[in-house]
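Trainee: Pasting my_file_1.pdb here (PDB, C-alpha atoms and all ligand atoms):
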```pdb
ATOM      1  CA  LEU A   1       2.450 108.084  -7.759
ATOM      2  CA  ALA A   2       0.573 106.319 -10.475
ATOM      3  CA  TYR A   3       1.064 106.756 -14.165
ATOM      4  CA  ASN A   4      -2.364 107.795 -15.315
ATOM      5  CA  SER A   5      -3.669 109.855 -12.483
ATOM      6  CA  MET A   6      -2.684 113.250 -13.501
ATOM      7  CA  ASP A   7      -4.717 114.622 -16.314
ATOM      8  CA  LEU A   8      -5.952 116.224 -13.110
ATOM      9  CA  PHE A   9      -2.707 118.091 -12.609
ATOM     10  CA  SER A  10      -1.443 117.965 -16.222
ATOM     11  CA  THR A  11       1.546 115.970 -15.066
ATOM     12  CA  GLU A  12       2.395 113.708 -12.218
ATOM     13  CA  ILE A  13       5.466 115.787 -11.480
ATOM     14  CA  GLN A  14       3.238 118.821 -11.039
ATOM     15  CA  PHE A  15       1.165 116.949  -8.521
ATOM     16  CA  THR A  16       4.187 115.593  -6.632
ATOM     17  CA  ASP A  17       5.684 119.087  -6.504
ATOM     18  CA  TRP A  18       2.416 120.522  -5.276
ATOM     19  CA  LEU A  19       2.068 117.841  -2.606
ATOM     20  CA  ALA A  20       5.698 118.177  -1.525
ATOM     21  CA  LYS A  21       5.117 121.914  -1.090
ATOM     22  CA  GLN A  22       2.060 121.246   1.049
ATOM     23  CA  SER A  23       4.095 119.163   3.444
ATOM     24  CA  ALA A  24       7.490 120.846   3.188
ATOM     25  CA  GLY A  25       9.767 121.349   6.160
ATOM     26  CA  LYS A  26      11.696 119.266   8.615
ATOM     27  CA  ALA A  27      10.438 116.911  11.282
ATOM     28  CA  ARG A  28      12.198 114.918  13.964
ATOM     29  CA  GLY A  29      12.980 111.431  12.677
ATOM     30  CA  LEU A  30      12.355 112.373   9.044
ATOM     31  CA  ARG A  31      15.434 111.587   6.961
ATOM     32  CA  LEU A  32      13.826 111.859   3.535
ATOM     33  CA  GLY A  33      10.344 113.109   2.644
ATOM     34  CA  ILE A  34       8.352 113.248  -0.598
ATOM     35  CA  GLY A  35      10.411 113.191  -3.798
ATOM     36  CA  ASP A  36      12.284 109.885  -3.885
ATOM     37  CA  ASP A  37      10.878 106.408  -4.405
ATOM     38  CA  ALA A  38      10.006 106.186  -0.723
ATOM     39  CA  ALA A  39      10.393 108.134   2.499
ATOM     40  CA  LEU A  40      12.950 107.380   5.221
ATOM     41  CA  VAL A  41      11.834 107.744   8.832
ATOM     42  CA  GLU A  42      13.105 106.526  12.171
ATOM     43  CA  PRO A  43      11.615 106.407  15.668
ATOM     44  CA  ARG A  44      13.305 107.781  18.760
ATOM     45  CA  ARG A  45      15.536 105.396  20.656
ATOM     46  CA  GLY A  46      13.479 103.211  22.966
ATOM     47  CA  PHE A  47      10.262 103.790  21.024
ATOM     48  CA  GLN A  48       8.169 101.516  18.818
ATOM     49  CA  TRP A  49       6.138 102.396  15.752
ATOM     50  CA  VAL A  50       2.362 102.210  16.056
ATOM     51  CA  VAL A  51       1.209 101.607  12.489
ATOM     52  CA  THR A  52      -2.351 101.760  11.234
ATOM     53  CA  THR A  53      -4.237 102.216   7.998
ATOM     54  CA  ASP A  54      -7.880 103.067   7.305
ATOM     55  CA  LEU A  55      -9.984 103.160   4.185
ATOM     56  CA  SER A  56     -12.572 105.836   3.461
ATOM     57  CA  VAL A  57     -14.852 104.630   0.695
ATOM     58  CA  GLU A  58     -17.324 106.820  -1.153
ATOM     59  CA  GLY A  59     -20.832 105.515  -0.564
ATOM     60  CA  VAL A  60     -19.740 103.803   2.636
ATOM     61  CA  HIS A  61     -17.815 106.325   4.732
ATOM     62  CA  PHE A  62     -18.742 109.475   2.867
ATOM     63  CA  SER A  63     -20.938 110.718   0.083
ATOM     64  CA  ALA A  64     -20.117 113.353  -2.511
ATOM     65  CA  ARG A  65     -23.469 114.981  -1.751
ATOM     66  CA  LEU A  66     -23.171 115.296   2.045
ATOM     67  CA  HIS A  67     -19.476 115.661   2.674
ATOM     68  CA  PRO A  68     -17.420 118.598   1.428
ATOM     69  CA  PRO A  69     -13.970 117.520   0.193
ATOM     70  CA  GLU A  70     -12.194 119.198   3.142
ATOM     71  CA  ALA A  71     -14.286 117.058   5.482
ATOM     72  CA  VAL A  72     -13.551 113.885   3.494
ATOM     73  CA  GLY A  73      -9.813 114.550   3.848
ATOM     74  CA  HIS A  74     -10.115 115.530   7.502
ATOM     75  CA  ARG A  75     -12.186 112.474   8.403
ATOM     76  CA  ALA A  76      -9.912 110.110   6.481
ATOM     77  CA  VAL A  77      -6.914 111.284   8.511
ATOM     78  CA  ALA A  78      -8.944 111.422  11.750
ATOM     79  CA  ARG A  79      -9.798 107.715  11.476
ATOM     80  CA  SER A  80      -6.127 106.731  11.510
ATOM     81  CA  LEU A  81      -5.048 109.326  14.076
ATOM     82  CA  SER A  82      -7.758 108.061  16.397
ATOM     83  CA  ASP A  83      -6.410 104.505  16.151
ATOM     84  CA  VAL A  84      -2.941 105.753  17.082
ATOM     85  CA  ALA A  85      -4.500 107.699  19.986
ATOM     86  CA  ALA A  86      -6.217 104.534  21.215
ATOM     87  CA  MET A  87      -2.818 102.814  21.360
ATOM     88  CA  GLY A  88      -1.307 105.657  23.389
ATOM     89  CA  GLY A  89       0.928 106.615  20.473
ATOM     90  CA  GLU A  90       2.098 110.039  19.422
ATOM     91  CA  PRO A  91       1.324 110.310  15.694
ATOM     92  CA  ARG A  92       4.294 111.399  13.567
ATOM     93  CA  PHE A  93       3.974 110.556   9.867
ATOM     94  CA  ALA A  94       1.149 109.945   7.406
ATOM     95  CA  LEU A  95       0.759 108.490   3.920
ATOM     96  CA  VAL A  96      -2.363 109.441   1.995
ATOM     97  CA  SER A  97      -3.507 107.542  -1.088
ATOM     98  CA  LEU A  98      -6.464 108.341  -3.287
ATOM     99  CA  ALA A  99      -8.219 106.306  -5.949
ATOM    100  CA  LEU A 100     -10.251 108.975  -7.665
ATOM    101  CA  SER A 101     -13.583 108.607  -9.338
ATOM    102  CA  ARG A 102     -13.492 110.096 -12.844
ATOM    103  CA  ARG A 103     -16.174 112.561 -11.748
ATOM    104  CA  VAL A 104     -13.720 114.279  -9.406
ATOM    105  CA  LYS A 105     -12.292 117.658 -10.437
ATOM    106  CA  ARG A 106      -9.003 119.245  -9.456
ATOM    107  CA  PRO A 107     -10.459 121.632  -6.833
ATOM    108  CA  TRP A 108     -11.922 118.612  -5.031
ATOM    109  CA  ILE A 109      -8.468 117.031  -4.738
ATOM    110  CA  LYS A 110      -6.890 120.233  -3.474
ATOM    111  CA  ALA A 111      -9.652 120.685  -0.914
ATOM    112  CA  PHE A 112      -9.351 117.030   0.120
ATOM    113  CA  PHE A 113      -5.641 117.478   0.795
ATOM    114  CA  ALA A 114      -6.251 120.802   2.528
ATOM    115  CA  GLY A 115      -8.527 118.968   4.983
ATOM    116  CA  ALA A 116      -6.186 116.007   5.342
ATOM    117  CA  ILE A 117      -2.994 118.007   5.753
ATOM    118  CA  GLY A 118      -4.721 120.603   7.939
ATOM    119  CA  LEU A 119      -5.691 118.020  10.545
ATOM    120  CA  ALA A 120      -2.319 116.277  10.273
ATOM    121  CA  ARG A 121      -0.505 119.563  10.814
ATOM    122  CA  GLY A 122      -2.663 120.328  13.856
ATOM    123  CA  HIS A 123      -1.313 117.118  15.380
ATOM    124  CA  ARG A 124       2.235 117.807  14.178
ATOM    125  CA  VAL A 125       2.010 114.903  11.760
ATOM    126  CA  LYS A 126       4.061 115.104   8.584
ATOM    127  CA  LEU A 127       2.795 113.842   5.238
ATOM    128  CA  VAL A 128       5.641 111.729   3.840
ATOM    129  CA  GLY A 129       4.023 110.056   0.870
ATOM    130  CA  GLY A 130       1.028 108.632  -0.879
ATOM    131  CA  ASP A 131      -0.318 107.655  -4.225
ATOM    132  CA  THR A 132      -3.113 108.678  -6.551
ATOM    133  CA  ALA A 133      -4.806 106.939  -9.420
ATOM    134  CA  LEU A 134      -8.004 107.266 -11.350
ATOM    135  CA  ASN A 135     -10.610 104.665 -10.565
ATOM    136  CA  ALA A 136     -13.436 103.418 -12.736
ATOM    137  CA  GLY A 137     -15.683 103.310  -9.674
ATOM    138  CA  GLN A 138     -16.054 105.419  -6.553
ATOM    139  CA  THR A 139     -13.430 107.516  -4.818
ATOM    140  CA  VAL A 140     -11.436 105.681  -2.154
ATOM    141  CA  ALA A 141      -8.951 107.242   0.254
ATOM    142  CA  ASP A 142      -6.483 105.265   2.313
ATOM    143  CA  VAL A 143      -4.547 106.857   5.149
ATOM    144  CA  THR A 144      -1.626 105.207   6.900
ATOM    145  CA  VAL A 145      -0.287 106.817  10.061
ATOM    146  CA  LEU A 146       2.881 105.986  11.973
ATOM    147  CA  GLY A 147       3.053 106.975  15.623
ATOM    148  CA  GLU A 148       5.642 106.532  18.331
ATOM    149  CA  VAL A 149       5.116 104.874  21.675
ATOM    150  CA  PRO A 150       7.746 104.046  24.320
ATOM    151  CA  ARG A 151       8.616 100.362  24.023
ATOM    152  CA  GLY A 152       6.120  98.255  25.972
ATOM    153  CA  GLU A 153       3.826 101.155  26.910
ATOM    154  CA  ALA A 154       1.197 100.872  24.187
ATOM    155  CA  LEU A 155      -2.423 100.732  25.356
ATOM    156  CA  LEU A 156      -4.011  97.463  24.273
ATOM    157  CA  ARG A 157      -7.613  96.314  24.158
ATOM    158  CA  SER A 158      -6.713  93.235  26.151
ATOM    159  CA  GLY A 159      -5.681  94.729  29.514
ATOM    160  CA  ALA A 160      -9.061  95.278  31.228
ATOM    161  CA  ARG A 161      -9.791  93.325  34.428
ATOM    162  CA  PRO A 162     -12.992  92.895  36.492
ATOM    163  CA  GLY A 163     -13.433  95.884  38.768
ATOM    164  CA  ASP A 164     -11.759  98.317  36.370
ATOM    165  CA  GLN A 165     -13.820 101.450  35.749
ATOM    166  CA  ILE A 166     -14.987 102.210  32.203
ATOM    167  CA  CYS A 167     -14.440 105.803  31.109
ATOM    168  CA  VAL A 168     -15.217 107.727  27.972
ATOM    169  CA  ALA A 169     -13.722 111.080  26.973
ATOM    170  CA  GLY A 170     -16.317 113.512  25.676
ATOM    171  CA  GLU A 171     -19.897 113.231  24.459
ATOM    172  CA  LEU A 172     -21.217 110.423  22.261
ATOM    173  CA  GLY A 173     -23.774 110.355  19.473
ATOM    174  CA  ASP A 174     -23.138 113.835  18.078
ATOM    175  CA  SER A 175     -21.588 112.504  14.887
ATOM    176  CA  ALA A 176     -24.522 110.203  14.132
ATOM    177  CA  LEU A 177     -26.920 113.016  14.966
ATOM    178  CA  GLY A 178     -24.970 115.356  12.682
ATOM    179  CA  LEU A 179     -25.152 112.856   9.826
ATOM    180  CA  ARG A 180     -28.879 112.554  10.350
ATOM    181  CA  LEU A 181     -29.253 116.328  10.172
ATOM    182  CA  LEU A 182     -27.126 116.486   7.025
ATOM    183  CA  LYS A 183     -29.218 113.790   5.355
ATOM    184  CA  ALA A 184     -32.402 115.629   6.267
ATOM    185  CA  SER A 185     -30.743 118.841   4.986
ATOM    186  CA  VAL A 186     -31.673 120.612   8.189
ATOM    187  CA  SER A 187     -29.996 124.000   8.100
ATOM    188  CA  PRO A 188     -27.993 124.466  11.289
ATOM    189  CA  ARG A 189     -30.162 126.845  13.298
ATOM    190  CA  SER A 190     -29.269 126.103  16.894
ATOM    191  CA  PRO A 191     -25.747 125.936  18.344
ATOM    192  CA  SER A 192     -26.275 122.268  19.270
ATOM    193  CA  THR A 193     -27.292 121.437  15.692
ATOM    194  CA  ARG A 194     -24.197 123.170  14.399
ATOM    195  CA  GLU A 195     -22.103 121.326  16.970
ATOM    196  CA  ALA A 196     -23.455 117.936  15.875
ATOM    197  CA  VAL A 197     -22.831 118.618  12.181
ATOM    198  CA  ARG A 198     -19.335 119.809  13.023
ATOM    199  CA  ALA A 199     -18.677 116.700  15.142
ATOM    200  CA  HIS A 200     -19.640 114.602  12.138
ATOM    201  CA  LEU A 201     -17.697 116.485   9.478
ATOM    202  CA  TYR A 202     -14.619 117.425  11.509
ATOM    203  CA  PRO A 203     -14.080 114.948  14.371
ATOM    204  CA  GLU A 204     -11.098 115.723  16.584
ATOM    205  CA  PRO A 205      -9.036 112.626  17.443
ATOM    206  CA  GLN A 206      -7.870 112.500  21.082
ATOM    207  CA  CYS A 207      -4.155 111.977  20.576
ATOM    208  CA  GLY A 208      -3.045 114.053  23.577
ATOM    209  CA  LEU A 209      -5.274 112.080  25.895
ATOM    210  CA  GLY A 210      -4.018 108.755  24.559
ATOM    211  CA  VAL A 211      -0.425 109.753  25.222
ATOM    212  CA  PHE A 212      -1.364 111.015  28.711
ATOM    213  CA  LEU A 213      -3.156 107.764  29.641
ATOM    214  CA  ALA A 214      -0.257 105.619  28.411
ATOM    215  CA  ARG A 215       2.666 107.589  29.845
ATOM    216  CA  ARG A 216       1.097 107.878  33.316
ATOM    217  CA  ARG A 217       0.067 104.241  33.168
ATOM    218  CA  ILE A 218      -3.501 105.197  34.029
ATOM    219  CA  ALA A 219      -5.456 103.023  31.606
ATOM    220  CA  SER A 220      -5.432  99.220  31.665
ATOM    221  CA  ALA A 221      -7.024  99.041  28.196
ATOM    222  CA  ALA A 222      -8.294 101.405  25.505
ATOM    223  CA  ILE A 223     -10.103 101.516  22.174
ATOM    224  CA  ASP A 224     -11.366 104.380  20.053
ATOM    225  CA  LEU A 225     -15.095 104.640  19.436
ATOM    226  CA  SER A 226     -15.271 104.395  15.660
ATOM    227  CA  ASP A 227     -18.149 101.966  15.221
ATOM    228  CA  GLY A 228     -20.349 102.776  18.211
ATOM    229  CA  LEU A 229     -20.034 102.184  21.963
ATOM    230  CA  SER A 230     -21.999  98.935  21.923
ATOM    231  CA  THR A 231     -19.732  97.435  19.267
ATOM    232  CA  ASP A 232     -16.395  98.827  20.427
ATOM    233  CA  LEU A 233     -16.990  98.013  24.125
ATOM    234  CA  ARG A 234     -17.685  94.440  23.085
ATOM    235  CA  ARG A 235     -14.417  94.368  21.136
ATOM    236  CA  LEU A 236     -12.538  95.553  24.230
ATOM    237  CA  THR A 237     -14.216  93.056  26.563
ATOM    238  CA  GLN A 238     -13.650  90.201  24.117
ATOM    239  CA  ALA A 239      -9.967  91.059  23.824
ATOM    240  CA  SER A 240      -9.766  91.256  27.632
ATOM    241  CA  LYS A 241     -11.802  88.045  28.105
ATOM    242  CA  ALA A 242     -14.122  90.014  30.360
ATOM    243  CA  GLY A 243     -17.673  91.332  30.615
ATOM    244  CA  ALA A 244     -18.947  94.825  31.356
ATOM    245  CA  ARG A 245     -21.821  96.733  32.888
ATOM    246  CA  ILE A 246     -22.614 100.293  31.897
ATOM    247  CA  TRP A 247     -25.302 102.652  33.195
ATOM    248  CA  ALA A 248     -27.636 104.272  30.681
ATOM    249  CA  ASP A 249     -28.027 107.424  32.749
ATOM    250  CA  ARG A 250     -24.260 107.994  32.790
ATOM    251  CA  ILE A 251     -23.786 107.830  29.034
ATOM    252  CA  PRO A 252     -23.130 111.330  27.717
ATOM    253  CA  ALA A 253     -25.741 111.268  24.942
ATOM    254  CA  PRO A 254     -26.890 114.401  23.093
ATOM    255  CA  ALA A 255     -29.303 116.446  25.203
ATOM    256  CA  ALA A 256     -32.998 115.796  24.566
ATOM    257  CA  PRO A 257     -35.137 118.920  24.256
ATOM    258  CA  ALA A 258     -38.295 117.076  25.302
ATOM    259  CA  GLY A 259     -39.881 113.689  25.798
ATOM    260  CA  ASP A 260     -38.794 110.169  26.728
ATOM    261  CA  GLU A 261     -39.083 108.904  23.179
ATOM    262  CA  GLU A 262     -36.606 111.444  21.927
ATOM    263  CA  ARG A 263     -34.285 110.692  24.843
ATOM    264  CA  ASP A 264     -34.285 106.985  23.943
ATOM    265  CA  ALA A 265     -33.534 107.794  20.298
ATOM    266  CA  LEU A 266     -30.599 109.996  21.301
ATOM    267  CA  LEU A 267     -29.308 107.347  23.728
ATOM    268  CA  ALA A 268     -29.436 104.865  20.834
ATOM    269  CA  LEU A 269     -27.268 107.236  18.773
ATOM    270  CA  ALA A 270     -24.754 107.417  21.643
ATOM    271  CA  LEU A 271     -24.741 103.611  22.023
ATOM    272  CA  HIS A 272     -24.742 102.540  18.395
ATOM    273  CA  GLY A 273     -24.129 105.629  16.249
ATOM    274  CA  GLY A 274     -20.407 105.415  15.636
ATOM    275  CA  GLU A 275     -17.792 107.762  14.190
ATOM    276  CA  ASP A 276     -17.423 109.662  17.452
ATOM    277  CA  TYR A 277     -13.666 108.959  17.596
ATOM    278  CA  LYS A 278     -13.633 109.425  21.373
ATOM    279  CA  LEU A 279     -11.487 107.194  23.559
ATOM    280  CA  LEU A 280     -13.052 104.472  25.665
ATOM    281  CA  PHE A 281     -10.644 103.287  28.345
ATOM    282  CA  THR A 282     -10.588 101.249  31.514
ATOM    283  CA  VAL A 283      -8.881 102.210  34.761
ATOM    284  CA  PRO A 284      -8.093 100.046  37.807
ATOM    285  CA  LEU A 285      -9.891 101.444  40.884
ATOM    286  CA  SER A 286      -6.558 102.237  42.526
ATOM    287  CA  ARG A 287      -5.655 104.494  39.566
ATOM    288  CA  MET A 288      -8.974 106.351  39.320
ATOM    289  CA  GLU A 289      -7.667 109.255  41.404
ATOM    290  CA  LEU A 290      -5.240 109.954  38.544
ATOM    291  CA  VAL A 291      -8.059 110.454  36.051
ATOM    292  CA  PRO A 292      -8.758 114.162  35.657
ATOM    293  CA  LYS A 293     -12.340 115.470  35.543
ATOM    294  CA  ARG A 294     -11.421 117.096  32.250
ATOM    295  CA  PHE A 295      -8.544 116.648  29.857
ATOM    296  CA  ASN A 296      -8.002 119.963  28.122
ATOM    297  CA  ARG A 297     -11.660 120.887  27.710
ATOM    298  CA  THR A 298     -12.948 117.354  27.277
ATOM    299  CA  VAL A 299     -15.036 115.963  30.145
ATOM    300  CA  ILE A 300     -14.156 112.412  31.225
ATOM    301  CA  TYR A 301     -17.238 110.341  32.075
ATOM    302  CA  ARG A 302     -17.216 107.170  34.162
ATOM    303  CA  ILE A 303     -19.945 105.075  32.548
ATOM    304  CA  GLY A 304     -19.524 101.588  34.002
ATOM    305  CA  GLU A 305     -17.370  98.769  35.246
ATOM    306  CA  ILE A 306     -15.583  95.743  33.831
ATOM    307  CA  GLU A 307     -17.191  92.498  35.044
ATOM    308  CA  HIS A 308     -16.506  88.790  34.819
ATOM    309  CA  ARG A 309     -16.850  87.296  31.398
ATOM    310  CA  ARG A 310     -19.926  85.214  32.199
ATOM    311  CA  LEU A 311     -21.952  88.405  32.711
ATOM    312  CA  GLY A 312     -21.457  89.461  29.095
ATOM    313  CA  VAL A 313     -22.015  93.133  28.328
ATOM    314  CA  GLN A 314     -24.967  94.660  30.150
ATOM    315  CA  ILE A 315     -26.627  98.023  30.330
ATOM    316  CA  VAL A 316     -28.544  99.169  33.414
ATOM    317  CA  GLN A 317     -31.632 101.098  32.412
ATOM    318  CA  ASN A 318     -34.560 102.032  34.682
ATOM    319  CA  GLY A 319     -32.993  99.924  37.442
ATOM    320  CA  LYS A 320     -32.797  96.793  35.264
ATOM    321  CA  ALA A 321     -29.666  95.212  33.822
ATOM    322  CA  VAL A 322     -30.240  93.910  30.284
ATOM    323  CA  PRO A 323     -27.805  92.557  27.669
ATOM    324  CA  LEU A 324     -26.358  95.278  25.457
ATOM    325  CA  LYS A 325     -26.418  94.097  21.872
ATOM    326  CA  ALA A 326     -23.643  95.238  19.573
ATOM    327  CA  GLN A 327     -25.595  97.274  17.055
ATOM    328  CA  GLY A 328     -22.927  99.612  15.796
ATOM    329  CA  TYR A 329     -20.989  99.460  12.570
ATOM    330  CA  ASP A 330     -23.995  99.705  10.268
ATOM    331  CA  HIS A 331     -23.636 103.384  11.057
ATOM    332  CA  PHE A 332     -23.187 104.461   7.504
ATOM    333  CA  ARG A 333     -25.712 103.316   5.021
ATOM    334  CA  ILE A 334     -26.101 106.223   2.667
ATOM    335  CA  GLY A 335     -29.001 106.549   0.304
TER     336      GLY A 335
HETATM  337 MG    MG A 401      -9.906 101.729  16.271
END
```
Translate this file's structure into structure tokens.
Ligand SMILES: [Mg+2]

Mentor:
Amino acid sequence: LAYNSMDLFSTEIQFTDWLAKQSAGKARGLRLGIGDDAALVEPRRGFQWVVTTDLSVEGVHFSARLHPPEAVGHRAVARSLSDVAAMGGEPRFALVSLALSRRVKRPWIKAFFAGAIGLARGHRVKLVGGDTALNAGQTVADVTVLGEVPRGEALLRSGARPGDQICVAGELGDSALGLRLLKASVSPRSPSTREAVRAHLYPEPQCGLGVFLARRRIASAAIDLSDGLSTDLRRLTQASKAGARIWADRIPAPAAPAGDEERDALLALALHGGEDYKLLFTVPLSRMELVPKRFNRTVIYRIGEIEHRRLGVQIVQNGKAVPLKAQGYDHFRIG
């Protein structure tokens, strides 16, 4: 922990003690938790570490105005958990670091960690370390997660082959819709509005599904949808040196109350919106019978097929196949 961070907690020791208390207890593979210079962890025999880290930057990934601190912490951890899920890993340990804007008050930090540790705990992930410091600029959170995967069984982006079916777990576009509603300060009247705002503020990474797809050797490739289907599908096809064709009418976009125009706008959110943190995975035809209709309560949708590379990435809409441009990633321009 950094030297100057803790006018917020009076002393750094106070903060370390507080954090250690938040993540107390034993965990398999944990030899030494918070309190020494570093943690000591080890994977099970025959397993590999899946290691990932993700930044959450104020003004880019969240805004102090729209996102309550619990949601900032939750989303910061969700980003990394979702990457572990996409690799078929079982998340085990997390490190959470915060560079804090000087505007931030102590209750914000506590609420941030409540959100972060709450989601981690729900996935049986132990917080084993982190760092905090004051920052002259915006608040930045960085979350590293270690997960375990049996040696050689990780799901990669590069394994998709022509003919493989493209599946997505759960509905797309809710998070982008929720952000839009938050920006417009629409008070959540209908259940679907509430659902969209919740999907944005508290996304649920699909770790159980990732493990299931890897252990049963169902998926040939996988990626998590963090930057939008159009962008992340392209990443998967590029890694696999393949193309893809998806069908617009199979994409589980938010339901349109009325009108074609609205339907197109909602489809655009599902294609390009981002931050859904659902898994996109490919399955050889011969393995499709192993794909359940639902995993827990999440519906699995078959939205397309991997094609030869020369086809590029196409979307079939109104009976016509057209190139699908990667328009994700710019999902979060606040202000
Ligand atoms: Mg990812």

Trainee: Please determine, counting all atoms listed in the file, which residue among A:Gly88, A:Gly259, A:Gly163, A:Pro323 has the shortest atom-to-atom distance to ligand MG 401 (chain A).

Mentor: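 Closest residue, counting all atoms listed in the file: A:Gly88.
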
Trainee: Here's the selection I'm unsure about, the PyMOL selection byres (((not hetatm)) within 6 of (chain A and resi 401)); applied to the file above, which residues does it give, as an MDAnalysis selection string?

Mentor: chainID A and resid 83 223:224

Trainee: Excluding same-chain residues fewer than 6 positions from stretch 126-141 of chain A, what lies within 7 Å of it counting all atoms listed in the file, as a PyMOL selection string?

Mentor: chain A and resi 1-2+4-5+23+33-34+39+55-58+76+92-102+120

Trainee: Between atom CA of A:Arg124 and atom CA of A:Leu19, what distance in Å does the model show, to one decimal?

Mentor: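 Pair atom CA of A:Arg124 / atom CA of A:Leu19 returns 16.8 Å.
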
Trainee: Quick one: which residues end up in the PyMOL selection byres (((chain A and resi 252) around 10) and not hetatm) for this structure, as number ranges by chain?

Mentor: A: 168-174, 248-251, 253-255, 266-267, 270-271, 299-303

Trainee: Could you pull the residues within 8 Å of A:Val51, counting all atoms listed in the file, minus those fewer than 2 positions along the same chain, as a list in words?

Mentor: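 Neighbouring residues, sequence-local ones excluded: Trp49, Thr53, Val84, Thr144, Val145, Leu146 and Gly147 of chain A.
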
Trainee: Using the chain letters and numbers from the file, give me the residues hit by the PyMOL selection byres (((chain A and resi 72) around 10) and not hetatm), as number ranges by chain.

Mentor: A: 56-58, 61-64, 66-71, 73-78, 108, 111-113, 115-116, 141, 201-202

Trainee: Select, from A:Leu225, A:Val283, A:Val143, A:Ala256, the residue with the minimum atom-to-atom distance to A:Ser82, counting only C-alpha atoms.

Mentor: A:Leu225

Trainee: Tell me, in Å to one decimal, how far atom CA of A:Asp36 is from atom CA of A:Glu90.

Mentor: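 If I compute the distance from atom CA of A:Asp36 to atom CA of A:Glu90, I get 25.4 Å.
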
Trainee: Excluding same-chain residues fewer than 3 positions from A:Ile166, what lies within 10 Å of it counting all atoms listed in the file, as a PyMOL selection string?

Mentor: chain A and resi 160+163+219+221-222+233+244-246+280-284+301-306
